[in-house]
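File shown here: coords-v7.pdb, holding PDB, C-alpha atoms.
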```pdb
ATOM      1  CA  MET A   1     -17.138   3.972   5.495  1.00  0.00           C
ATOM      2  CA  ARG A   2     -17.539   1.663   2.512  1.00  0.00           C
ATOM      3  CA  LEU A   3     -14.755   1.610  -0.054  1.00  0.00           C
ATOM      4  CA  LEU A   4     -15.690   0.635  -3.608  1.00  0.00           C
ATOM      5  CA  LEU A   5     -12.395  -0.478  -5.076  1.00  0.00           C
ATOM      6  CA  ASN A   6     -10.994  -1.149  -8.482  1.00  0.00           C
ATOM      7  CA  PRO A   7      -7.552  -2.311  -7.299  1.00  0.00           C
ATOM      8  CA  PRO A   8      -4.290  -0.988  -8.680  1.00  0.00           C
ATOM      9  CA  GLY A   9      -2.289  -3.209 -11.000  1.00  0.00           C
ATOM     10  CA  LYS A  10       0.759  -3.430 -13.223  1.00  0.00           C
ATOM     11  CA  MET A  11      -1.441  -3.217 -16.305  1.00  0.00           C
ATOM     12  CA  ARG A  12      -4.684  -1.399 -17.162  1.00  0.00           C
ATOM     13  CA  TYR A  13      -7.056  -4.163 -16.146  1.00  0.00           C
ATOM     14  CA  LEU A  14     -10.678  -3.914 -17.219  1.00  0.00           C
ATOM     15  CA  ARG A  15     -12.814  -5.635 -14.592  1.00  0.00           C
ATOM     16  CA  ASP A  16     -16.348  -4.990 -15.735  1.00  0.00           C
ATOM     17  CA  TYR A  17     -19.612  -6.851 -16.339  1.00  0.00           C
ATOM     18  CA  TYR A  18     -17.971 -10.101 -15.199  1.00  0.00           C
ATOM     19  CA  CYS A  19     -15.926  -9.992 -18.387  1.00  0.00           C
ATOM     20  CA  ALA A  20     -12.343  -9.001 -17.657  1.00  0.00           C
ATOM     21  CA  GLY A  21      -9.591  -7.973 -20.017  1.00  0.00           C
ATOM     22  CA  ILE A  22      -6.570  -5.753 -20.417  1.00  0.00           C
ATOM     23  CA  ALA A  23      -6.929  -2.328 -22.040  1.00  0.00           C
ATOM     24  CA  LYS A  24      -5.123  -1.986 -25.355  1.00  0.00           C
ATOM     25  CA  THR A  25      -5.552   1.779 -25.575  1.00  0.00           C
ATOM     26  CA  ASN A  26      -5.042   4.792 -23.333  1.00  0.00           C
ATOM     27  CA  TYR A  27      -8.669   5.197 -22.271  1.00  0.00           C
ATOM     28  CA  TYR A  28     -10.215   3.671 -19.193  1.00  0.00           C
ATOM     29  CA  TYR A  29     -13.866   3.812 -18.200  1.00  0.00           C
ATOM     30  CA  PRO A  30     -15.379   3.392 -14.707  1.00  0.00           C
ATOM     31  CA  PRO A  31     -16.551  -0.185 -14.060  1.00  0.00           C
ATOM     32  CA  ILE A  32     -20.355  -0.312 -14.227  1.00  0.00           C
ATOM     33  CA  ASP A  33     -20.307  -3.011 -11.520  1.00  0.00           C
ATOM     34  CA  LEU A  34     -19.131  -0.452  -8.954  1.00  0.00           C
ATOM     35  CA  VAL A  35     -21.460   2.232 -10.300  1.00  0.00           C
ATOM     36  CA  TYR A  36     -24.411  -0.096  -9.659  1.00  0.00           C
ATOM     37  CA  LEU A  37     -23.117  -1.079  -6.228  1.00  0.00           C
ATOM     38  CA  SER A  38     -22.629   2.571  -5.264  1.00  0.00           C
ATOM     39  CA  ALA A  39     -26.396   2.955  -5.165  1.00  0.00           C
ATOM     40  CA  THR A  40     -26.710   0.332  -2.415  1.00  0.00           C
ATOM     41  CA  GLY A  41     -25.164   2.219   0.463  1.00  0.00           C
ATOM     42  CA  GLN A  42     -24.349   5.493   2.129  1.00  0.00           C
ATOM     43  CA  ASP A  43     -21.068   7.073   3.200  1.00  0.00           C
ATOM     44  CA  ILE A  44     -19.188   5.718   0.210  1.00  0.00           C
ATOM     45  CA  PHE A  45     -15.636   6.699  -0.609  1.00  0.00           C
ATOM     46  CA  TRP A  46     -14.916   5.917  -4.242  1.00  0.00           C
ATOM     47  CA  ALA A  47     -11.327   5.061  -5.082  1.00  0.00           C
ATOM     48  CA  ASP A  48     -10.312   4.290  -8.621  1.00  0.00           C
ATOM     49  CA  LEU A  49      -6.693   3.488  -7.998  1.00  0.00           C
ATOM     50  CA  ILE A  50      -5.913   2.718 -11.613  1.00  0.00           C
ATOM     51  CA  ASN A  51      -6.568   6.286 -12.690  1.00  0.00           C
ATOM     52  CA  GLN A  52      -5.149   7.821  -9.528  1.00  0.00           C
ATOM     53  CA  PRO A  53      -2.508   5.475  -8.070  1.00  0.00           C
ATOM     54  CA  ASN A  54      -1.333   8.054  -5.510  1.00  0.00           C
ATOM     55  CA  LYS A  55      -4.786   8.841  -4.144  1.00  0.00           C
ATOM     56  CA  LYS A  56      -4.800   8.961  -0.354  1.00  0.00           C
ATOM     57  CA  ILE A  57      -7.247   6.551   1.240  1.00  0.00           C
ATOM     58  CA  PRO A  58      -8.342   7.254   4.845  1.00  0.00           C
ATOM     59  CA  TYR A  59      -7.577   3.703   6.015  1.00  0.00           C
ATOM     60  CA  GLU A  60      -8.658   4.379   9.595  1.00  0.00           C
ATOM     61  CA  SER A  61     -12.252   5.069   8.543  1.00  0.00           C
ATOM     62  CA  ILE A  62     -12.791   2.072   6.228  1.00  0.00           C
ATOM     63  CA  THR A  63     -15.151  -0.555   7.646  1.00  0.00           C
ATOM     64  CA  GLU A  64     -16.085  -2.400   4.459  1.00  0.00           C
ATOM     65  CA  VAL A  65     -14.384  -2.916   1.091  1.00  0.00           C
ATOM     66  CA  ILE A  66     -16.193  -4.088  -2.029  1.00  0.00           C
ATOM     67  CA  SER A  67     -13.541  -4.878  -4.594  1.00  0.00           C
ATOM     68  CA  LEU A  68     -13.471  -6.041  -8.163  1.00  0.00           C
ATOM     69  CA  ILE A  69     -11.064  -8.866  -8.972  1.00  0.00           C
ATOM     70  CA  SER A  70     -10.420 -10.655 -12.242  1.00  0.00           C
ATOM     71  CA  LEU A  71      -8.743 -13.701 -13.660  1.00  0.00           C
ATOM     72  CA  HIS A  72      -6.192 -11.495 -15.471  1.00  0.00           C
ATOM     73  CA  SER A  73      -5.060  -9.799 -12.270  1.00  0.00           C
ATOM     74  CA  ILE A  74      -5.922 -12.397  -9.629  1.00  0.00           C
ATOM     75  CA  LYS A  75      -2.500 -12.608  -7.920  1.00  0.00           C
ATOM     76  CA  GLU A  76      -2.105  -8.835  -7.734  1.00  0.00           C
ATOM     77  CA  ASP A  77      -5.698  -8.361  -6.560  1.00  0.00           C
ATOM     78  CA  LEU A  78      -5.506 -10.974  -3.805  1.00  0.00           C
ATOM     79  CA  ASN A  79      -2.144  -9.688  -2.546  1.00  0.00           C
ATOM     80  CA  TYR A  80      -3.471  -6.131  -2.439  1.00  0.00           C
ATOM     81  CA  LEU A  81      -6.657  -7.143  -0.623  1.00  0.00           C
ATOM     82  CA  ALA A  82      -4.756  -9.229   1.928  1.00  0.00           C
ATOM     83  CA  GLU A  83      -2.601  -6.178   2.725  1.00  0.00           C
ATOM     84  CA  LEU A  84      -5.669  -3.942   2.866  1.00  0.00           C
ATOM     85  CA  LYS A  85      -7.357  -6.337   5.308  1.00  0.00           C
ATOM     86  CA  GLU A  86      -4.267  -6.247   7.524  1.00  0.00           C
ATOM     87  CA  LYS A  87      -4.174  -2.419   7.485  1.00  0.00           C
ATOM     88  CA  THR A  88      -7.880  -1.820   8.049  1.00  0.00           C
ATOM     89  CA  ARG A  89      -9.416  -4.993   9.527  1.00  0.00           C
ATOM     90  CA  ALA A  90     -12.386  -4.064   7.322  1.00  0.00           C
ATOM     91  CA  LYS A  91     -14.877  -6.562   5.953  1.00  0.00           C
ATOM     92  CA  ILE A  92     -13.612  -7.575   2.484  1.00  0.00           C
ATOM     93  CA  ILE A  93     -16.211  -8.425  -0.161  1.00  0.00           C
ATOM     94  CA  VAL A  94     -15.138  -9.379  -3.687  1.00  0.00           C
ATOM     95  CA  THR A  95     -16.876  -9.583  -7.027  1.00  0.00           C
ATOM     96  CA  GLY A  96     -15.735 -10.289 -10.554  1.00  0.00           C
ATOM     97  CA  ASP A  97     -15.495 -12.898 -13.274  1.00  0.00           C
ATOM     98  CA  VAL A  98     -13.398 -15.415 -11.370  1.00  0.00           C
ATOM     99  CA  VAL A  99     -15.464 -15.042  -8.184  1.00  0.00           C
ATOM    100  CA  ARG A 100     -18.686 -15.631 -10.054  1.00  0.00           C
ATOM    101  CA  ALA A 101     -17.324 -18.931 -11.347  1.00  0.00           C
ATOM    102  CA  TYR A 102     -15.941 -20.154  -7.979  1.00  0.00           C
ATOM    103  CA  PRO A 103     -17.600 -18.300  -5.060  1.00  0.00           C
ATOM    104  CA  LYS A 104     -17.256 -21.071  -2.460  1.00  0.00           C
ATOM    105  CA  GLN A 105     -13.590 -21.643  -3.227  1.00  0.00           C
ATOM    106  CA  PHE A 106     -12.785 -17.994  -2.559  1.00  0.00           C
ATOM    107  CA  LEU A 107     -14.479 -18.081   0.819  1.00  0.00           C
ATOM    108  CA  GLU A 108     -12.803 -21.381   1.735  1.00  0.00           C
ATOM    109  CA  ASN A 109      -9.282 -20.619   0.470  1.00  0.00           C
ATOM    110  CA  TYR A 110      -8.748 -16.938   1.340  1.00  0.00           C
ATOM    111  CA  ASN A 111      -9.419 -16.185   4.988  1.00  0.00           C
ATOM    112  CA  PHE A 112      -9.212 -12.414   4.442  1.00  0.00           C
ATOM    113  CA  ILE A 113     -12.276 -12.531   2.150  1.00  0.00           C
ATOM    114  CA  ASP A 114     -15.476 -12.233   4.158  1.00  0.00           C
ATOM    115  CA  ASP A 115     -18.073 -12.466   1.408  1.00  0.00           C
ATOM    116  CA  VAL A 116     -18.604 -12.577  -2.353  1.00  0.00           C
ATOM    117  CA  ILE A 117     -21.049 -10.929  -4.721  1.00  0.00           C
ATOM    118  CA  THR A 118     -21.960 -13.048  -7.722  1.00  0.00           C
ATOM    119  CA  ASP A 119     -24.451 -10.655  -9.312  1.00  0.00           C
ATOM    120  CA  PHE A 120     -23.960  -6.899  -8.914  1.00  0.00           C
ATOM    121  CA  ASN A 121     -27.550  -6.294 -10.069  1.00  0.00           C
ATOM    122  CA  ASP A 122     -29.134  -7.803  -6.942  1.00  0.00           C
TER     123      ASP A 122
END
```
Show me the file's structure as structure tokens.
Amino acid sequence: MRLLLNPPGKMRYLRDYYCAGIAKTNYYYPPIDLVYLSATGQDIFWADLINQPNKKIPYESITEVISLISLHSIKEDLNYLAELKEKTRAKIIVTGDVVRAYPKQFLENYNFIDDVITDFND
């Protein structure tokens, strides 16, 4: 099962269109990046952990994770994904503003990241 993930965080991070920020209001919209990517595969389990932080994820069935990460939340995102990799042994793929700028560095410096997406439209 593929998990499309907008990771949880201490703040309401907006990781969308390769332009990240922090929400200043109480609304939060689904990241279009993941909406686009949801059309690329089957058997997708969507988890928006910012809106539903207590949502149960069936870790045993996850084989691939496509996760947004951003410059604003990079430490939290990487820590969460490293733990997720340890729990699931799933393939971890990341996308986001900071990845688009430095794709090779992410693959070289974080051994739990298996691949990067630098353009969610392709």
Mind running range 86-121 of chain A against range 64-81 of chain A at 7 Å and telling me each contacting residue's nearest atom pair with the distance in Å (one decimal), counting only C-alpha atoms, chain and number ascending, as a Markdown table?
```
| residue | atom | partner | partner_atom | distance |
| --- | --- | --- | --- | --- |
| A:Ala90 | CA | A:Glu64 | CA | 5.0 |
| A:Lys91 | CA | A:Glu64 | CA | 4.6 |
| A:Ile92 | CA | A:Val65 | CA | 4.9 |
| A:Ile93 | CA | A:Ile66 | CA | 4.7 |
| A:Val94 | CA | A:Ser67 | CA | 4.9 |
| A:Thr95 | CA | A:Leu68 | CA | 5.0 |
| A:Gly96 | CA | A:Ile69 | CA | 5.1 |
| A:Asp97 | CA | A:Ser70 | CA | 5.6 |
| A:Val98 | CA | A:Leu71 | CA | 5.5 |
```
Using C-alpha atoms, can you write the selected residues to a file as a JSON list (two decimals), keeping the file's coordinate frame?
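Result went into result_18.json, see below:
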```
[["chain", "number", "residue", "atom", "x", "y", "z"],
["A", 90, "ALA", "CA", -12.39, -4.06, 7.32],
["A", 91, "LYS", "CA", -14.88, -6.56, 5.95],
["A", 92, "ILE", "CA", -13.61, -7.58, 2.48],
["A", 93, "ILE", "CA", -16.21, -8.43, -0.16],
["A", 94, "VAL", "CA", -15.14, -9.38, -3.69],
["A", 95, "THR", "CA", -16.88, -9.58, -7.03],
["A", 96, "GLY", "CA", -15.74, -10.29, -10.55],
["A", 97, "ASP", "CA", -15.50, -12.90, -13.27],
["A", 98, "VAL", "CA", -13.40, -15.42, -11.37]]
```
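When all atoms listed in the file are used to compute distances to Pro58 in chain A, the closest of the residues A:Leu107, A:Thr88, A:Phe112, A:Tyr29 turns out to be A:Thr88.
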> What is the distance between CA of Thr63 in chain A and CA of Arg2 in chain A, in Å to one decimal?
Replying inline: 6.1 Å
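Between Pro31 in chain A and the residues A:Leu14, A:Glu108, A:Ala82, A:Cys19, the shortest atom-to-atom distance, using all atoms listed in the file, involves A:Leu14.
Applying the 12 Å criterion to (-5.2, -1.2, -18.8) in file coordinates and using only C-alpha atoms, one obtains the residues Asn6, Pro7, Pro8, Gly9, Lys10, Met11, Arg12, Tyr13, Leu14, Arg15, Ala20, Gly21, Ile22, Ala23, Lys24, Thr25, Asn26, Tyr27, Tyr28, Tyr29, Pro30, Leu49, Ile50, Asn51, His72 and Ser73 of chain A.
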Resulting file, chosen residues, C-alpha atoms, as a CSV table (one decimal), keeping the file's coordinate frame:
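See part.csv below for the written result:
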```csv
chain,number,residue,atom,x,y,z
A,6,ASN,CA,-11.0,-1.1,-8.5
A,7,PRO,CA,-7.6,-2.3,-7.3
A,8,PRO,CA,-4.3,-1.0,-8.7
A,9,GLY,CA,-2.3,-3.2,-11.0
A,10,LYS,CA,0.8,-3.4,-13.2
A,11,MET,CA,-1.4,-3.2,-16.3
A,12,ARG,CA,-4.7,-1.4,-17.2
A,13,TYR,CA,-7.1,-4.2,-16.1
A,14,LEU,CA,-10.7,-3.9,-17.2
A,15,ARG,CA,-12.8,-5.6,-14.6
A,20,ALA,CA,-12.3,-9.0,-17.7
A,21,GLY,CA,-9.6,-8.0,-20.0
A,22,ILE,CA,-6.6,-5.8,-20.4
A,23,ALA,CA,-6.9,-2.3,-22.0
A,24,LYS,CA,-5.1,-2.0,-25.4
A,25,THR,CA,-5.6,1.8,-25.6
A,26,ASN,CA,-5.0,4.8,-23.3
A,27,TYR,CA,-8.7,5.2,-22.3
A,28,TYR,CA,-10.2,3.7,-19.2
A,29,TYR,CA,-13.9,3.8,-18.2
A,30,PRO,CA,-15.4,3.4,-14.7
A,49,LEU,CA,-6.7,3.5,-8.0
A,50,ILE,CA,-5.9,2.7,-11.6
A,51,ASN,CA,-6.6,6.3,-12.7
A,72,HIS,CA,-6.2,-11.5,-15.5
A,73,SER,CA,-5.1,-9.8,-12.3
```
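Atom to atom, CA of Ser61 in chain A and CA of Ala39 in chain A stand 19.8 Å apart.
Between CA of Leu3 in chain A and CA of Asp115 in chain A lies a distance of 14.5 Å.
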> Do you know which residues the PyMOL selection byres ((chain A and resi 33) around 7) returns on this file, as a list in words?
Replying inline: Asp16, Tyr17, Pro31, Ile32, Leu34, Val35, Tyr36, Leu37 and Phe120 of chain A
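Distance check against Ile62 in chain A using all atoms listed in the file: of A:Glu83, A:Ser38, A:Arg89, A:Asp119, the minimum falls on A:Arg89.
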